[in-house]
Every structure is written in C-alpha cells, then in structure tokens.
Amino acid sequence: MALTEKGYKPRIVDKKLGNLISEFGAVLVEGPKWCGKTWTALNHAGSVVFIADPAGNFRNRETALLDPSLVLEGEPPLLIDEWQEVPGLWDAVRFSVDRRRKKGLYILTGSSMPGRHTYVHSGAGRIARLRMRTMSLFESGDSLGTVSLAHLFTGKDIDPQKSSMTLNKIINLTIKGGWPVFAGKKKYSLDIPRQYLERIADSEVSYAGGSRRDGSKITAVIRSLARNNATLVSTKTIQKDIDAEGDRVTADRNTVSLYLELLKSLYVLEEIPGWDPALRSTKKLRVSPKRLLTDPSLAAAAIGATADRLKKDLNTFGFLFEGLCIRDILVYGELNGAAVYHYRDEAGLEADVILELPNGRWGALEIKLGAHQTDAAAAGLLKLKAKMKKAGLDPPAFLAVISGLAGFACRRDDGVYVVPIDCLGA
C-alpha cells in the first residue's frame with residue numbers, strides 16, 4: 001500500500017521504479033534535493049524509516065550508526081530515506097538482499113553520494129539505480145506530451161499539434177524551474193532556487209566532500225557554469241571566468257575540478273558526454289562533456305536573471321532554454337532506456353543531443369528558441385545524417401528540431417521533425 005497522501009502528482013519515473021522493484025532486491029532513487037524523490041518512493045513503499053528524522057535526538061540515525069541492520073525491519077519495500085547520512089546502510093542492504101534472496105525489499109533515496117571509500121560493495125546486481133530530476137514540462141502540466149520520444153524512433157508522421165508557447169511563457173517556465181512545490185501553479189518564488197544555491201555553498205558541498213570548502217569559490221564555480229550553461233565549458237575556462245570576476249576569488253584548475261566533482265555528487269551538475277557512433281570507440285571518453293545545472297532555474301538564479309532581463313538578452317536566454325530542453329529530454333529518455341549524448345566533430349558539425357537506445361538505434365536533435373532558426377538547424381542535422389551514411393555507419397532513426405516558438409509540431413518534407421517543447425513527451 002502506497003504511503004503517499006492524496007494529491008500526489010505522478011512522475012514519469014514511477015513506471016520504471018515499479019519495474020525495478022519487481023526485478024531487484026533494492027532500488028536507489030538518486031537526484032537533487034527537493035525534486036520529489038521521497039514522495040515518489042513513498043508512492044511505492046510499504047513502510048519507511050527517515051534517517052534524518054530529528055525525533056528522539058535523531059534516534060533513527062543513531063540506531064543505524066550503532067547497527068545498520070536494526071533499521072532494516074518493516075513491510076517491504078522498506079523506504080530508507082536519506083540513506084547517505086549513514087553510509088554503512090549501503091552494505092547492510094546489499095547483505096540483506098543476498099541473504100533473503102527476494103525482490104522488492106528496499107528503496108533507498110539520497111540527494112548525495114558518499115565517497116566510494118565509505119562502503120565496501122558496489123551493489124551491482126543487488127541494488128538498481130534510478131536517476132530522478134526536477135519535473136519536466138509534461139509532469140508539471142506545461143506540455144501536452146503528444147509527441148513522444150518513443151514515437152519519433154518509429155520514423156512515422158505525427159499529427160500536427162499546435163503549441164501554446166509564447167516568449168513570456170517559456171521565460172517564466174525556465175526561471176520557475178521544475179520544482180514540485182510549484183507544479184500546476186501560476187505563482188512561484190525565485191527564492192527557491194536562490195535558497196538552494198545558498199545551501200549548496202554554505203553546507204552541502206562541505207558535507208559531501210568530507211571537509212570544509214570555500215563557499216565563495218563554490219558560488220563562483222556555479223556562476224561560471226550558469227553563464228556557460230549547456231555548453232562544452234572546460235575547467236580552464238571556468239578558472240579564467242572566476243579570475244575575471246575581479247572580486248578577490250581565485251581558484252586553480254585542481255580546485256575547479258574538485259568542486260565540479262562535488263557538484264556532480266550532489267546531482268546539481270549534469271554532464272552530457274560526447275558521442276561517437278563507432279562500436280567500442282574510446283572517443284566517448286575523450287570528448288569534452290556538455291555541462292549544465294540540473295534545473296534551468298538554478299542557472300537563472302546564479303546569474304540574477306529575471307524575466308525582464310532575459311527578454312532583453314535572448315542570447316543568454318537561449319542557453320537557459322537549451323538547459324530546460326535537455327532536462328526534459330533526460331527525463332523522457334530515462335523511461336525509454338535511452339542514453340543522452342551530444343555530438344561535435346573536428347569539422348564543427350554538431351548536434352545538441354544524441355539519443356541512443358540500448359540496441360544502438362539513435363536519433364539527433366537540435367534545440368532552437370525561435371522558429372526562424374529551424375531551417376538552419378534541420379540543414380545541420382541532414383549533414384550529420386549524410387556523413388554517417390558516407391562513413392557506412394547506421395543512419396539516424398530520426399532527426400528533430402526542438403523549438404520554443406515553432407507554432408506547430410510537424411514532420412517537414414525533408415523528414416526532419418519540428419517539435420515545440422510544450423508538445424514533447426516520453
């Protein structure tokens with residue numbers, strides 16, 4: 001019996017979480033704070049223990065520290081919320097799964113990942129991992145979801161769908177973000193992403209890193225990431241960006257690299273790896289990742305971008321909009337089992353997103369804010385298709401331009417889909 005209260009808004013990961021619970025002894029639901037992990041996990045749990053509950057002078061945490069197995073009792077699936085507060089719980093859960101040999105025993109939720117040295121076993125084969133993100137536009141009710149990624153892979157025509165997106169609306173959705181507390185509401189507070197970033201700088205990174213970190217440097221790294229959101233920004237560029245601020249904050253490249261890893265461990269930073277279609281290629285490991293903050297509202301808050309300011313600076317907004325679209329594609333791709341990459345070759349040919357299914361079938365997407373950019377984006381995608389064909393490699397299953405202000409979803413005469421972001425779904 002689900003433990004969530006009435007009013008729970010279903011999430012796209014619900015289906016996959018249910019499947020994983022039936023296939024594995026335990027499932028880890030991981031993702032940024034405030035994205036709704038606990039509520040979603042409660043929707044599937046039979047009982048729960050809150051490790052960070054302050055009741056009884058943090059009785060649950062103290063008990064788990066004394067003997068992790070003492071908090072593993074309860075109707076399955078037992079939800080262990082914020083398990084990372086007691087890293088020893090990981091090995092205790094893994095051992096219990098081995099001993100009991102049953103499926104669906106535990107659900108773990110966490111908003112940070114402890115260092116690998118704090119637990120012994122990887123959990124492979126026992127503990128499945130499911131990444132959760134802030135709400136996509138479909139989940140928050142701001143996208144019709146009538147054009148699914150799954151349908152695009154069929155290569156079939158789509159029924160024309162009218163978009164209701166305007167510049168004002170898409171800007172507001174971007175700075176509002178996908179926080180569940182705002183789902184379905186017209187009013188929102190910019191204090192949520194601002195408070196989130198302050199908390200990261202003041203305490204979260206220090207906790208995740210195991211020692212005190214310099215909050216001003218963390219903030220400077222985040223600001224640089226925000227200014228370069230959804231780009232191939234390097235650690236060297238971030239370092240120069242920080243030095244150029246001129247507010248007495250400096251950071252060497254090793255420090256920048258350390259903070260980037262810590263932000264990844266807190267699920268604040270997403271890194272989209274580069275893609276190469278050749279099987280067993282090592283290039284995926286060598287190509288620079290595309291970096292973006294996990295929710296577009298965080299990028300907006302980090303650079304102080306209000307709706308009025310973004311209307312006057314559409315170039316900056318274009319990067320934030322791309323971050324919003326990639327966030328949604330990551331959410332939808334999770335359900336379809338699709339890996340998400342970006343593509344850029346030595347000749348400058350690129351695609352903002354490559355979606356690759358486990359069977360190797362792939363699609364390429366370009367993200368553009370304005371309808372006037374569609375022709376150029378489609379031409380670039382067709383060049384990529386021609387390059388793959390010339391190289392004797394598998395052609396894309398589909399090509400698509402994801403747009404903010406396209407007006408209609410359709411399939412062009414050249415075969416390229418045009419999909420407004422408020423029509424896209426899983």
# chains A, B, ... in the order shown; residues from 1 in each chain; ligands from 1
$ residues_around --residues "region 100-112 of chain A" --least-positions-apart "3" --cutoff "9 Å" --atoms "only C-alpha atoms" --output "ChimeraX atom specification"
/A:20-34,37-38,41,44-45,72,75-85,90,93,95-97,127,204,208,264-267
$ write_last_selection --atoms "C-alpha atoms" --output "PDB file, in the first residue's frame"
ATOM      1  CA  LEU A  20      12.923  -2.154 -10.997  1.00  0.00           C
ATOM      2  CA  ILE A  21      11.286  -3.015  -7.665  1.00  0.00           C
ATOM      3  CA  SER A  22       9.965  -6.219  -9.243  1.00  0.00           C
ATOM      4  CA  GLU A  23      13.375  -7.086 -10.702  1.00  0.00           C
ATOM      5  CA  PHE A  24      15.894  -6.187  -7.962  1.00  0.00           C
ATOM      6  CA  GLY A  25      16.222  -6.672  -4.240  1.00  0.00           C
ATOM      7  CA  ALA A  26      16.719  -2.930  -3.725  1.00  0.00           C
ATOM      8  CA  VAL A  27      16.455   0.268  -5.763  1.00  0.00           C
ATOM      9  CA  LEU A  28      18.342   3.519  -5.185  1.00  0.00           C
ATOM     10  CA  VAL A  29      16.428   6.619  -6.273  1.00  0.00           C
ATOM     11  CA  GLU A  30      19.011   9.384  -6.575  1.00  0.00           C
ATOM     12  CA  GLY A  31      18.777  13.009  -7.589  1.00  0.00           C
ATOM     13  CA  PRO A  32      18.919  16.627  -6.393  1.00  0.00           C
ATOM     14  CA  LYS A  33      17.230  17.823  -3.229  1.00  0.00           C
ATOM     15  CA  TRP A  34      13.615  18.984  -3.495  1.00  0.00           C
ATOM     16  CA  LYS A  37      12.363  11.613  -4.591  1.00  0.00           C
ATOM     17  CA  THR A  38      10.823  10.884  -1.205  1.00  0.00           C
ATOM     18  CA  ALA A  41       9.422   6.485  -3.312  1.00  0.00           C
ATOM     19  CA  HIS A  44       5.778   2.545  -3.949  1.00  0.00           C
ATOM     20  CA  ALA A  45       6.791   1.795  -0.338  1.00  0.00           C
ATOM     21  CA  LEU A  72      16.036  -2.709   8.049  1.00  0.00           C
ATOM     22  CA  GLU A  75       6.938  -4.140   5.394  1.00  0.00           C
ATOM     23  CA  PRO A  76       8.653  -4.310   2.002  1.00  0.00           C
ATOM     24  CA  PRO A  77       9.518  -2.344   0.075  1.00  0.00           C
ATOM     25  CA  LEU A  78      11.034  -0.530   3.063  1.00  0.00           C
ATOM     26  CA  LEU A  79      11.952   3.034   2.146  1.00  0.00           C
ATOM     27  CA  ILE A  80      15.197   4.225   3.728  1.00  0.00           C
ATOM     28  CA  ASP A  81      15.126   7.983   3.191  1.00  0.00           C
ATOM     29  CA  GLU A  82      18.436   9.920   3.061  1.00  0.00           C
ATOM     30  CA  TRP A  83      20.410   6.720   3.498  1.00  0.00           C
ATOM     31  CA  GLN A  84      23.696   8.564   2.833  1.00  0.00           C
ATOM     32  CA  GLU A  85      23.506  10.005   6.367  1.00  0.00           C
ATOM     33  CA  TRP A  90      24.530   0.507   1.725  1.00  0.00           C
ATOM     34  CA  VAL A  93      21.121  -3.501   2.450  1.00  0.00           C
ATOM     35  CA  PHE A  95      23.974  -8.115   2.569  1.00  0.00           C
ATOM     36  CA  SER A  96      20.273  -8.375   3.453  1.00  0.00           C
ATOM     37  CA  VAL A  97      19.334  -8.745  -0.226  1.00  0.00           C
ATOM     38  CA  ILE A 127      20.805  -2.520  -5.929  1.00  0.00           C
ATOM     39  CA  GLU A 204      26.043  20.748   1.218  1.00  0.00           C
ATOM     40  CA  ALA A 208      29.602  15.754   0.525  1.00  0.00           C
ATOM     41  CA  LYS A 264      28.073  16.116  -9.576  1.00  0.00           C
ATOM     42  CA  SER A 265      27.923  14.042  -6.391  1.00  0.00           C
ATOM     43  CA  LEU A 266      25.126  16.350  -5.183  1.00  0.00           C
ATOM     44  CA  TYR A 267      23.309  15.945  -8.523  1.00  0.00           C
TER      45      TYR A 267
END
$ residues_around --residues "region 52-64 of chain A" --least-positions-apart "4" --cutoff "7 Å" --atoms "only C-alpha atoms" --output "JSON, numbers by chain"
{"A": [68, 70, 71, 82, 86]}
$ write_last_selection --atoms "N, CA and C atoms" --output "mmCIF file, in the first residue's frame"
data_model
loop_
_atom_site.group_PDB
_atom_site.id
_atom_site.type_symbol
_atom_site.label_atom_id
_atom_site.label_comp_id
_atom_site.auth_asym_id
_atom_site.auth_seq_id
_atom_site.Cartn_x
_atom_site.Cartn_y
_atom_site.Cartn_z
ATOM 1 N N PRO A 68 23.479 -0.905 11.472
ATOM 2 C CA PRO A 68 22.592 -0.614 10.346
ATOM 3 C C PRO A 68 21.460 -1.614 10.169
ATOM 4 N N LEU A 70 19.561 -2.829 12.255
ATOM 5 C CA LEU A 70 18.438 -2.595 13.165
ATOM 6 C C LEU A 70 17.337 -1.741 12.537
ATOM 7 N N VAL A 71 17.649 -1.011 11.464
ATOM 8 C CA VAL A 71 16.613 -0.178 10.839
ATOM 9 C C VAL A 71 16.112 -0.801 9.540
ATOM 10 N N GLU A 82 17.148 9.275 2.767
ATOM 11 C CA GLU A 82 18.436 9.920 3.061
ATOM 12 C C GLU A 82 19.416 8.924 3.681
ATOM 13 N N VAL A 86 24.025 7.658 6.792
ATOM 14 C CA VAL A 86 24.743 6.542 7.421
ATOM 15 C C VAL A 86 25.219 5.634 6.293
#
$ residues_around --residues "region 212-226 of chain A" --least-positions-apart "3" --cutoff "8 Å" --atoms "only C-alpha atoms" --output "PyMOL selection string"
chain A and resi 197+201-202+205-207+209+229+233+238+241-242+249-251+256+259-260+291-293+298-300+302-303
$ closest_residue --among "A:Asp375, A:Leu167, A:Pro114, A:Phe153" --to "Leu357 (chain A)" --atoms "only C-alpha atoms"
A:Phe153
$ select_by_dssp --residues "region 106-164 of chain A" --states "helix (DSSP H, G or I)" --output "list in words"
Arg116, His117, Thr118, Leu149, Ala150, His151 and Leu152 of chain A
$ atom_distance --atom1 "CA of Arg11 (chain A)" --atom2 "CA of Trp39 (chain A)"
9.9 Å
$ closest_atom_pairs --of "region 70-189 of chain A" --to "region 362-365 of chain A" --cutoff "10 Å" --atoms "only C-alpha atoms" --output "Markdown table"
| residue | atom | partner | partner_atom | distance |
| --- | --- | --- | --- | --- |
| A:Leu149 | CA | A:Gly363 | CA | 9.5 |
| A:Leu152 | CA | A:Gly363 | CA | 8.4 |
| A:Phe153 | CA | A:Gly363 | CA | 7.2 |
| A:Gly155 | CA | A:Gly363 | CA | 9.9 |
$ select_by_dssp --residues "region 194-346 of chain A" --states "strand (DSSP E)" --output "compact mmCIF listing (two decimals) with C-alpha atoms, in the first residue's frame"
# COMPACT_ATOMS: atom_id res chain seq x y z
CA LEU A 269 25.68 19.38 -12.15
CA GLU A 270 24.76 17.32 -15.21
CA GLU A 271 27.45 16.28 -17.67
CA ILE A 272 26.37 15.15 -21.13
CA LYS A 290 28.46 19.42 -22.18
CA ARG A 291 27.83 20.86 -18.69
CA LEU A 292 24.60 22.26 -17.29
CA LEU A 293 22.99 22.83 -13.91
CA ALA A 339 21.45 7.29 -23.24
CA VAL A 340 21.89 11.01 -23.85
CA TYR A 341 24.98 12.45 -25.57
CA HIS A 342 25.98 15.47 -27.62
CA TYR A 343 27.91 15.45 -30.90
CA ARG A 344 30.62 17.71 -32.25
$ closest_residue --among "A:Ala183, A:Leu424, A:Val48, A:Ile402" --to "Gly141 (chain A)" --atoms "only C-alpha atoms"
A:Ala183
$ closest_residue --among "A:Ala244, A:Leu381, A:Ala307, A:Ile171" --to "Gly404 (chain A)" --atoms "only C-alpha atoms"
A:Ile171
$ residues_around --residues "Asp142 (chain A)" --least-positions-apart "6" --cutoff "10 Å" --atoms "only C-alpha atoms" --output "mmCIF file with N, CA and C atoms, in the first residue's frame"
data_model
loop_
_atom_site.group_PDB
_atom_site.id
_atom_site.type_symbol
_atom_site.label_atom_id
_atom_site.label_comp_id
_atom_site.auth_asym_id
_atom_site.auth_seq_id
_atom_site.Cartn_x
_atom_site.Cartn_y
_atom_site.Cartn_z
ATOM 1 N N SER A 136 9.754 17.590 -15.490
ATOM 2 C CA SER A 136 9.698 18.004 -16.884
ATOM 3 C C SER A 136 8.431 18.830 -17.096
ATOM 4 N N SER A 164 1.152 26.274 -27.587
ATOM 5 C CA SER A 164 0.602 27.459 -26.920
ATOM 6 C C SER A 164 1.700 28.327 -26.324
ATOM 7 N N MET A 165 2.955 28.017 -26.673
ATOM 8 C CA MET A 165 4.084 28.696 -26.052
ATOM 9 C C MET A 165 4.268 30.099 -26.622
ATOM 10 N N LYS A 169 5.891 33.109 -21.706
ATOM 11 C CA LYS A 169 5.589 31.859 -21.005
ATOM 12 C C LYS A 169 6.832 30.997 -20.856
ATOM 13 N N ILE A 170 7.613 30.857 -21.922
ATOM 14 C CA ILE A 170 8.774 29.987 -21.847
ATOM 15 C C ILE A 170 9.840 30.571 -20.930
ATOM 16 N N LEU A 173 8.593 29.784 -17.391
ATOM 17 C CA LEU A 173 8.759 28.364 -17.071
ATOM 18 C C LEU A 173 10.219 28.030 -16.787
ATOM 19 N N ALA A 183 4.340 22.945 -9.039
ATOM 20 C CA ALA A 183 3.638 22.242 -10.116
ATOM 21 C C ALA A 183 2.174 22.658 -10.182
ATOM 22 N N GLY A 184 1.736 23.049 -11.368
ATOM 23 C CA GLY A 184 0.347 23.427 -11.569
ATOM 24 C C GLY A 184 -0.025 24.790 -11.048
ATOM 25 N N ILE A 421 8.575 22.488 -27.578
ATOM 26 C CA ILE A 421 8.888 21.850 -26.296
ATOM 27 C C ILE A 421 7.636 21.563 -25.486
ATOM 28 N N ASP A 422 6.542 22.333 -25.712
ATOM 29 C CA ASP A 422 5.316 22.075 -24.959
ATOM 30 C C ASP A 422 4.434 21.028 -25.639
ATOM 31 N N CYS A 423 4.987 20.331 -26.633
ATOM 32 C CA CYS A 423 4.316 19.164 -27.229
ATOM 33 C C CYS A 423 5.100 17.883 -26.964
#
$ residues_around --residues "Ile175 (chain A)" --least-positions-apart "2" --cutoff "10 Å" --atoms "only C-alpha atoms" --output "list in words"
Ile170, Ile171, Asn172, Leu173, Gly177, Gly178, Tyr188, Ser189, Leu190, Pro193, Asp295, Pro296, Ser297, Leu298, Ala299, Ala300, Ala301, Ala305, Thr306, Ala307, Leu310, Leu320, Phe321 and Leu324 of chain A
$ write_last_selection --atoms "N, CA and C atoms" --output "compact mmCIF listing (two decimals), in the first residue's frame"
# COMPACT_ATOMS: atom_id res chain seq x y z
N ILE A 170 7.61 30.86 -21.92
CA ILE A 170 8.77 29.99 -21.85
C ILE A 170 9.84 30.57 -20.93
N ILE A 171 9.96 31.88 -20.89
CA ILE A 171 10.90 32.50 -19.95
C ILE A 171 10.46 32.24 -18.52
N ASN A 172 9.18 32.41 -18.25
CA ASN A 172 8.68 32.18 -16.89
C ASN A 172 8.83 30.72 -16.47
N LEU A 173 8.59 29.78 -17.39
CA LEU A 173 8.76 28.36 -17.07
C LEU A 173 10.22 28.03 -16.79
N GLY A 177 11.39 26.82 -13.03
CA GLY A 177 12.02 25.52 -12.81
C GLY A 177 11.01 24.41 -12.62
N GLY A 178 11.55 23.21 -12.42
CA GLY A 178 10.70 22.04 -12.29
C GLY A 178 10.49 21.57 -10.86
N TYR A 188 5.03 31.62 -8.44
CA TYR A 188 6.20 30.92 -7.95
C TYR A 188 7.14 31.93 -7.31
N SER A 189 8.10 31.42 -6.58
CA SER A 189 9.05 32.29 -5.88
C SER A 189 10.46 32.02 -6.37
N LEU A 190 11.17 33.08 -6.71
CA LEU A 190 12.57 32.95 -7.10
C LEU A 190 13.44 32.59 -5.90
N PRO A 193 15.15 28.61 -5.94
CA PRO A 193 16.49 28.34 -6.49
C PRO A 193 17.60 29.13 -5.80
N ASP A 295 18.73 22.08 -13.04
CA ASP A 295 17.44 22.72 -13.32
C ASP A 295 17.71 24.11 -13.87
N PRO A 296 16.97 24.53 -14.90
CA PRO A 296 17.25 25.83 -15.51
C PRO A 296 17.07 27.00 -14.55
N SER A 297 16.22 26.84 -13.55
CA SER A 297 16.02 27.93 -12.58
C SER A 297 17.28 28.20 -11.78
N LEU A 298 18.10 27.17 -11.55
CA LEU A 298 19.34 27.36 -10.81
C LEU A 298 20.32 28.22 -11.62
N ALA A 299 20.38 27.97 -12.92
CA ALA A 299 21.24 28.78 -13.78
C ALA A 299 20.77 30.23 -13.80
N ALA A 300 19.44 30.42 -13.89
CA ALA A 300 18.90 31.78 -13.89
C ALA A 300 19.20 32.48 -12.58
N ALA A 301 19.00 31.78 -11.46
CA ALA A 301 19.23 32.38 -10.15
C ALA A 301 20.70 32.73 -9.95
N ALA A 305 19.17 36.36 -13.26
CA ALA A 305 18.37 36.58 -14.46
C ALA A 305 16.88 36.59 -14.13
N THR A 306 16.27 37.74 -14.19
CA THR A 306 14.82 37.87 -14.05
C THR A 306 14.17 37.78 -15.43
N ALA A 307 12.85 37.69 -15.45
CA ALA A 307 12.14 37.61 -16.73
C ALA A 307 12.41 38.85 -17.58
N LEU A 310 15.92 38.75 -19.11
CA LEU A 310 16.08 37.75 -20.16
C LEU A 310 15.39 38.15 -21.45
N LEU A 320 19.86 29.08 -21.44
CA LEU A 320 19.00 28.59 -20.37
C LEU A 320 17.89 27.72 -20.95
N PHE A 321 17.34 28.13 -22.09
CA PHE A 321 16.30 27.36 -22.75
C PHE A 321 16.82 25.98 -23.16
N LEU A 324 16.80 23.77 -20.20
CA LEU A 324 15.45 23.29 -19.89
C LEU A 324 15.11 22.11 -20.80
$ atom_distance --atom1 "CA of Leu355 (chain A)" --atom2 "CA of Ile329 (chain A)"
8.8 Å
$ closest_residue --among "A:Glu356, A:Glu322, A:Asp394, A:Asp345" --to "Ala150 (chain A)" --atoms "only C-alpha atoms"
A:Glu356
$ closest_residue --among "A:Leu65, A:Ala124, A:Leu130, A:Cys35" --to "Gly337 (chain A)" --atoms "only C-alpha atoms"
A:Leu130
$ residues_around --residues "Ala379 (chain A)" --least-positions-apart "2" --cutoff "12 Å" --atoms "only C-alpha atoms" --output "PyMOL selection string"
chain A and resi 349-351+365-366+373-377+381-386+399-401+412+414-416
$ write_last_selection --atoms "C-alpha atoms" --output "PDB file, in the first residue's frame"
ATOM      1  CA  LEU A 349      29.368  19.679 -37.370  1.00  0.00           C
ATOM      2  CA  GLU A 350      27.278  19.238 -34.241  1.00  0.00           C
ATOM      3  CA  ALA A 351      24.016  18.106 -32.699  1.00  0.00           C
ATOM      4  CA  LEU A 365      18.166  16.681 -32.031  1.00  0.00           C
ATOM      5  CA  GLU A 366      18.906  20.366 -32.335  1.00  0.00           C
ATOM      6  CA  GLN A 373      16.265  29.053 -36.729  1.00  0.00           C
ATOM      7  CA  THR A 374      14.558  25.832 -37.824  1.00  0.00           C
ATOM      8  CA  ASP A 375      15.823  25.683 -41.430  1.00  0.00           C
ATOM      9  CA  ALA A 376      19.479  26.058 -40.447  1.00  0.00           C
ATOM     10  CA  ALA A 377      19.098  23.509 -37.657  1.00  0.00           C
ATOM     11  CA  LEU A 381      21.076  17.536 -38.928  1.00  0.00           C
ATOM     12  CA  LEU A 382      20.791  16.387 -42.544  1.00  0.00           C
ATOM     13  CA  LYS A 383      24.529  16.956 -42.993  1.00  0.00           C
ATOM     14  CA  LEU A 384      25.145  14.716 -39.981  1.00  0.00           C
ATOM     15  CA  LYS A 385      22.925  12.035 -41.495  1.00  0.00           C
ATOM     16  CA  ALA A 386      24.802  12.261 -44.813  1.00  0.00           C
ATOM     17  CA  LEU A 399      16.148  13.884 -36.830  1.00  0.00           C
ATOM     18  CA  ALA A 400      14.294  16.555 -34.861  1.00  0.00           C
ATOM     19  CA  VAL A 401      14.418  20.239 -34.026  1.00  0.00           C
ATOM     20  CA  ARG A 412       8.892  18.506 -42.713  1.00  0.00           C
ATOM     21  CA  ASP A 414      12.868  16.604 -45.720  1.00  0.00           C
ATOM     22  CA  GLY A 415      11.872  14.192 -42.935  1.00  0.00           C
ATOM     23  CA  VAL A 416      13.050  16.345 -40.028  1.00  0.00           C
TER      24      VAL A 416
END
